[in-house]
Structures are given as structure tokens and as C-alpha cells.
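entry-v8.pdb, holding PDB, C-alpha atoms:
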```pdb
MODEL        1
ATOM      1  CA  MET L  89     201.736 159.192 -28.465
ATOM      2  CA  SER L  90     200.492 161.765 -26.007
ATOM      3  CA  ASN L  91     197.767 164.261 -26.781
ATOM      4  CA  ILE L  92     199.342 167.674 -26.128
ATOM      5  CA  GLU L  93     196.946 170.532 -25.420
ATOM      6  CA  LEU L  94     197.785 174.078 -26.425
ATOM      7  CA  ARG L  95     195.353 176.927 -25.775
ATOM      8  CA  GLY L  96     192.801 174.402 -24.577
ATOM      9  CA  GLU L  97     192.624 172.575 -27.938
ATOM     10  CA  THR L  98     193.348 168.939 -28.540
ATOM     11  CA  ASN L  99     195.071 167.718 -31.689
ATOM     12  CA  SER L 100     191.795 166.484 -33.160
ATOM     13  CA  GLU L 101     190.181 169.902 -32.604
ATOM     14  CA  ARG L 102     193.142 171.585 -34.329
ATOM     15  CA  VAL L 103     192.865 169.206 -37.292
ATOM     16  CA  ALA L 104     189.134 169.896 -37.529
ATOM     17  CA  THR L 105     189.803 173.654 -37.504
ATOM     18  CA  ILE L 106     192.430 173.294 -40.224
ATOM     19  CA  PHE L 107     190.011 171.324 -42.404
ATOM     20  CA  ARG L 108     187.224 173.880 -41.866
ATOM     21  CA  VAL L 109     189.574 176.525 -43.298
ATOM     22  CA  LEU L 110     191.248 174.268 -45.856
ATOM     23  CA  VAL L 111     188.228 172.820 -47.642
ATOM     24  CA  PRO L 112     186.693 176.111 -48.909
ATOM     25  CA  ALA L 113     190.118 177.313 -50.087
ATOM     26  CA  VAL L 114     190.798 174.094 -51.994
ATOM     27  CA  VAL L 115     187.304 174.026 -53.522
ATOM     28  CA  GLY L 116     187.677 177.660 -54.583
ATOM     29  CA  SER L 117     191.046 177.025 -56.213
ATOM     30  CA  ILE L 118     189.802 173.948 -58.056
ATOM     31  CA  ALA L 119     186.693 175.786 -59.231
ATOM     32  CA  SER L 120     188.610 178.827 -60.443
ATOM     33  CA  PHE L 121     191.124 176.813 -62.442
ATOM     34  CA  GLY L 122     188.646 174.106 -63.382
ATOM     35  CA  PHE L 123     186.414 176.401 -65.413
ATOM     36  CA  GLN L 124     189.101 176.684 -68.072
ATOM     37  CA  THR L 125     189.342 172.919 -68.344
ATOM     38  CA  ALA L 126     185.556 172.611 -68.487
ATOM     39  CA  ASN L 127     185.411 175.183 -71.299
ATOM     40  CA  ILE L 128     188.017 173.295 -73.322
ATOM     41  CA  ILE L 129     186.207 169.981 -72.791
ATOM     42  CA  PHE L 130     182.864 171.481 -73.770
ATOM     43  CA  LEU L 131     184.344 173.211 -76.786
ATOM     44  CA  SER L 132     186.133 170.075 -77.970
ATOM     45  CA  SER L 133     182.858 168.130 -77.886
ATOM     46  CA  ALA L 134     180.918 170.895 -79.673
ATOM     47  CA  VAL L 135     183.444 171.917 -82.358
ATOM     48  CA  ASP L 136     185.395 169.623 -84.643
ATOM     49  CA  GLU L 137     188.036 172.142 -85.671
ATOM     50  CA  PRO L 138     191.347 171.876 -83.814
ATOM     51  CA  ASN L 139     192.230 175.490 -84.675
ATOM     52  CA  VAL L 140     189.299 176.762 -82.594
ATOM     53  CA  ILE L 141     190.322 174.657 -79.600
ATOM     54  CA  ALA L 142     193.936 175.822 -79.980
ATOM     55  CA  ALA L 143     192.741 179.440 -80.153
ATOM     56  CA  VAL L 144     190.791 179.081 -76.919
ATOM     57  CA  GLY L 145     193.796 177.488 -75.221
ATOM     58  CA  LEU L 146     196.034 180.298 -76.460
ATOM     59  CA  GLY L 147     193.479 182.814 -75.202
ATOM     60  CA  PHE L 148     193.471 181.296 -71.727
ATOM     61  CA  THR L 149     197.260 181.212 -71.702
ATOM     62  CA  THR L 150     197.437 184.863 -72.720
ATOM     63  CA  LEU L 151     194.954 185.873 -70.022
ATOM     64  CA  ASN L 152     196.966 183.985 -67.415
ATOM     65  CA  MET L 153     200.234 185.584 -68.506
ATOM     66  CA  MET L 154     198.781 189.085 -68.686
ATOM     67  CA  GLY L 155     197.311 189.287 -65.266
ATOM     68  CA  TYR L 156     195.493 186.364 -63.685
ATOM     69  CA  ALA L 157     198.660 184.795 -62.307
ATOM     70  CA  ILE L 158     199.846 188.110 -60.893
ATOM     71  CA  LEU L 159     196.414 188.882 -59.442
ATOM     72  CA  TRP L 160     196.338 185.448 -57.801
ATOM     73  CA  GLY L 161     199.748 186.223 -56.296
ATOM     74  CA  PHE L 162     198.451 189.511 -54.886
ATOM     75  CA  THR L 163     195.412 187.736 -53.472
ATOM     76  CA  TYR L 164     197.417 184.948 -51.826
ATOM     77  CA  ALA L 165     199.777 187.479 -50.245
ATOM     78  CA  LEU L 166     196.781 189.439 -48.997
ATOM     79  CA  ASP L 167     195.273 186.246 -47.599
ATOM     80  CA  THR L 168     198.457 185.547 -45.652
ATOM     81  CA  LEU L 169     198.665 189.046 -44.168
ATOM     82  CA  ILE L 170     195.005 189.168 -43.168
ATOM     83  CA  SER L 171     195.167 185.694 -41.624
ATOM     84  CA  ARG L 172     198.208 186.636 -39.541
ATOM     85  CA  SER L 173     196.669 189.842 -38.240
ATOM     86  CA  ALA L 174     193.317 188.167 -37.531
ATOM     87  CA  GLY L 175     195.120 185.360 -35.689
ATOM     88  CA  ALA L 176     196.830 187.981 -33.541
ATOM     89  CA  GLN L 177     193.365 189.437 -32.788
ATOM     90  CA  ASN L 178     194.368 192.689 -34.505
ATOM     91  CA  HIS L 179     191.178 193.211 -36.495
ATOM     92  CA  GLU L 180     191.954 196.845 -37.245
ATOM     93  CA  LEU L 181     195.151 195.806 -39.022
ATOM     94  CA  SER L 182     193.158 193.130 -40.895
ATOM     95  CA  GLY L 183     190.859 195.858 -42.175
ATOM     96  CA  VAL L 184     193.814 198.005 -43.200
ATOM     97  CA  TYR L 185     195.387 195.091 -45.090
ATOM     98  CA  LEU L 186     192.069 194.285 -46.768
ATOM     99  CA  ASN L 187     191.367 197.852 -47.868
ATOM    100  CA  ARG L 188     194.894 198.505 -49.090
ATOM    101  CA  GLY L 189     195.061 195.152 -50.829
ATOM    102  CA  LEU L 190     191.775 195.706 -52.641
ATOM    103  CA  PHE L 191     192.936 199.173 -53.672
ATOM    104  CA  TYR L 192     196.200 197.814 -55.084
ATOM    105  CA  LEU L 193     194.332 195.027 -56.885
ATOM    106  CA  LEU L 194     192.016 197.606 -58.441
ATOM    107  CA  VAL L 195     194.906 199.852 -59.476
ATOM    108  CA  PHE L 196     196.754 196.902 -60.998
ATOM    109  CA  MET L 197     193.629 195.623 -62.737
ATOM    110  CA  ILE L 198     193.216 198.823 -64.791
ATOM    111  CA  PRO L 199     196.355 198.368 -66.951
ATOM    112  CA  VAL L 200     195.734 194.605 -67.118
ATOM    113  CA  THR L 201     192.230 195.221 -68.466
ATOM    114  CA  ILE L 202     193.542 197.685 -71.044
ATOM    115  CA  ALA L 203     196.235 195.188 -72.083
ATOM    116  CA  ILE L 204     193.668 192.395 -72.426
ATOM    117  CA  PHE L 205     191.481 194.533 -74.681
ATOM    118  CA  LYS L 206     194.534 195.432 -76.789
ATOM    119  CA  VAL L 207     196.027 191.927 -76.823
ATOM    120  CA  GLU L 208     195.604 191.511 -80.596
ATOM    121  CA  ALA L 209     197.621 194.653 -81.323
ATOM    122  CA  ILE L 210     200.235 193.628 -78.755
ATOM    123  CA  LEU L 211     200.642 190.131 -80.217
ATOM    124  CA  VAL L 212     200.788 191.408 -83.806
ATOM    125  CA  GLY L 213     203.322 194.027 -82.680
ATOM    126  CA  ILE L 214     205.679 191.331 -81.360
ATOM    127  CA  GLY L 215     205.243 189.215 -84.471
ATOM    128  CA  GLN L 216     202.580 186.751 -83.291
ATOM    129  CA  ASP L 217     199.782 186.785 -85.855
TER     130      ASP L 217
ENDMDL
END
```

Using the file provided, produce a representation of the structure as C-alpha cells.
Amino acid sequence: MSNIELRGETNSERVATIFRVLVPAVVGSIASFGFQTANIIFLSSAVDEPNVIAAVGLGFTTLNMMGYAILWGFTYALDTLISRSAGAQNHELSGVYLNRGLFYLLVFMIPVTIAIFKVEAILVGIGQD
């Protein structure tokens, strides 16, 4: 197998670059989703009532449905756009994407925050009590 060089990089250098970018992203994703699991594990060892553990699980599920999943989608799309423009050495466009993306995340977060604070009324209103 030959070692093809593109832009002066060997395959091993490309793999090393990919891992330098990949590892922090993977660790961040595991940490962000792992805190929910850690909370459930801690709670299950501290409390003997299954209703409390079920309530925490339902709370996490509700938070995910009401905004976290959508916010993660916004963030991943923003990550893709910024990476493409930075790879094309268009740093001005990267800044535009970042600023607009953060603005849209903030605008979207306002109704999500209101909905989270009113989740009890919303759930009772749809018959979940």
C-alpha cells in the first residue's frame, strides 16, 4: 500500500490530526450525556424509593424532549458550518456563522426556558399528572 501525500501530509499525519479533533468532541459528548446517567446512579444508591428515581428519569426525558435535543441539533449544524468555512480559510464567514448561530440559539432558548419552567402546567394540561 503506497503512502499518498496530499497537501504535504502523510496518512499518519492526517490520522493524527483527525484524532486531535475527534478526542475532545467525543469526550465532550460522553460527559454531557453521562451526567444524567451519573445522577441516576447516585440517586439510586442514595434513595430507596423507585418513584423518586422514576421521577428523575421522567424529568430528564422531558428536558431532552423540550429543548436539549433540538439545541444539540443546532449546535452540531453550527459546528459543521464553522468547520467548513474555517477549512476554506474563510475566517470572516466562520465569525458570521458563530455570531448568527449563537443568536439563534439564544432566541430559541427563551421559549424553551419558559416551557421548562411551566412544564408541570403543560403536562397536567395534556392529562399527565

>> What's around stretch 140-146 of chain L at 8 Å? Count only C-alpha atoms, leave out sequence neighbours fewer than 6 positions away in its own chain, and write the answer as a VMD selection string.
In response: chain L and resid 128 131 to 132

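Around L:Leu159, within 10 Å and counting all atoms listed in the file, the residues found are Asn152, Met154, Gly155, Thr163, Tyr164, Ala165, Tyr192, Leu193, Leu194, Phe196, Met197 and Val200 of chain L, once anything fewer than 4 positions away on its own chain is removed.
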
>> When the PyMOL selection byres ((chain L and resi 170) around 8) is applied to the structure above, which residues does it catch, written out as an MDAnalysis selection string?
In response: chainID L and resid 166:169 171:174 181:183 185:186

> Closest to L:Gly147 among L:Trp160, L:Phe130, L:Phe191, L:Phe205, using only C-alpha atoms?
Replying inline: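 Selected residue with least distance to L:Gly147: L:Phe205.
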
> Quick one: of L:Ser117, L:Leu110, L:Tyr156, L:Thr150, who's nearest to L:Lys206, counting only C-alpha atoms?
Replying inline: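 Smallest distance to L:Lys206 is found for L:Thr150.
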
> Which residue, L:Val212, L:Ala119, L:Val135, L:Ile204, has the smallest gap to L:Phe148 when you use only C-alpha atoms?
Replying inline: L:Ile204

> Between atom CA of L:Thr201 and atom CA of L:Thr149, what is the distance, to one decimal in Å?
Replying inline: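 Atom CA of L:Thr149 lies 15.2 Å from atom CA of L:Thr201.
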
> For L:Leu190, which residue out of L:Glu97, L:Ala209, L:Phe162, L:Asn139 is the nearest one, using all atoms listed in the file?
Replying inline: L:Phe162

>> Between L:Asn187, L:Ser120, L:Asn178, L:Thr125, which residue has the minimum interatomic distance to L:Ala157, considering all atoms listed in the file?
In response: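 Among the listed residues, the smallest separation from L:Ala157 belongs to L:Ser120.
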
> Just how far from atom CA of L:Ile158 is atom CA of L:Pro199, in Å to one decimal?
Replying inline: 12.4 Å

> Quick one: of L:Met153, L:Val184, L:Phe107, L:Gly175, who's nearest to L:Val207, counting all atoms listed in the file?
Replying inline: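 Using all atoms listed in the file, L:Val207 sits closest to L:Met153.
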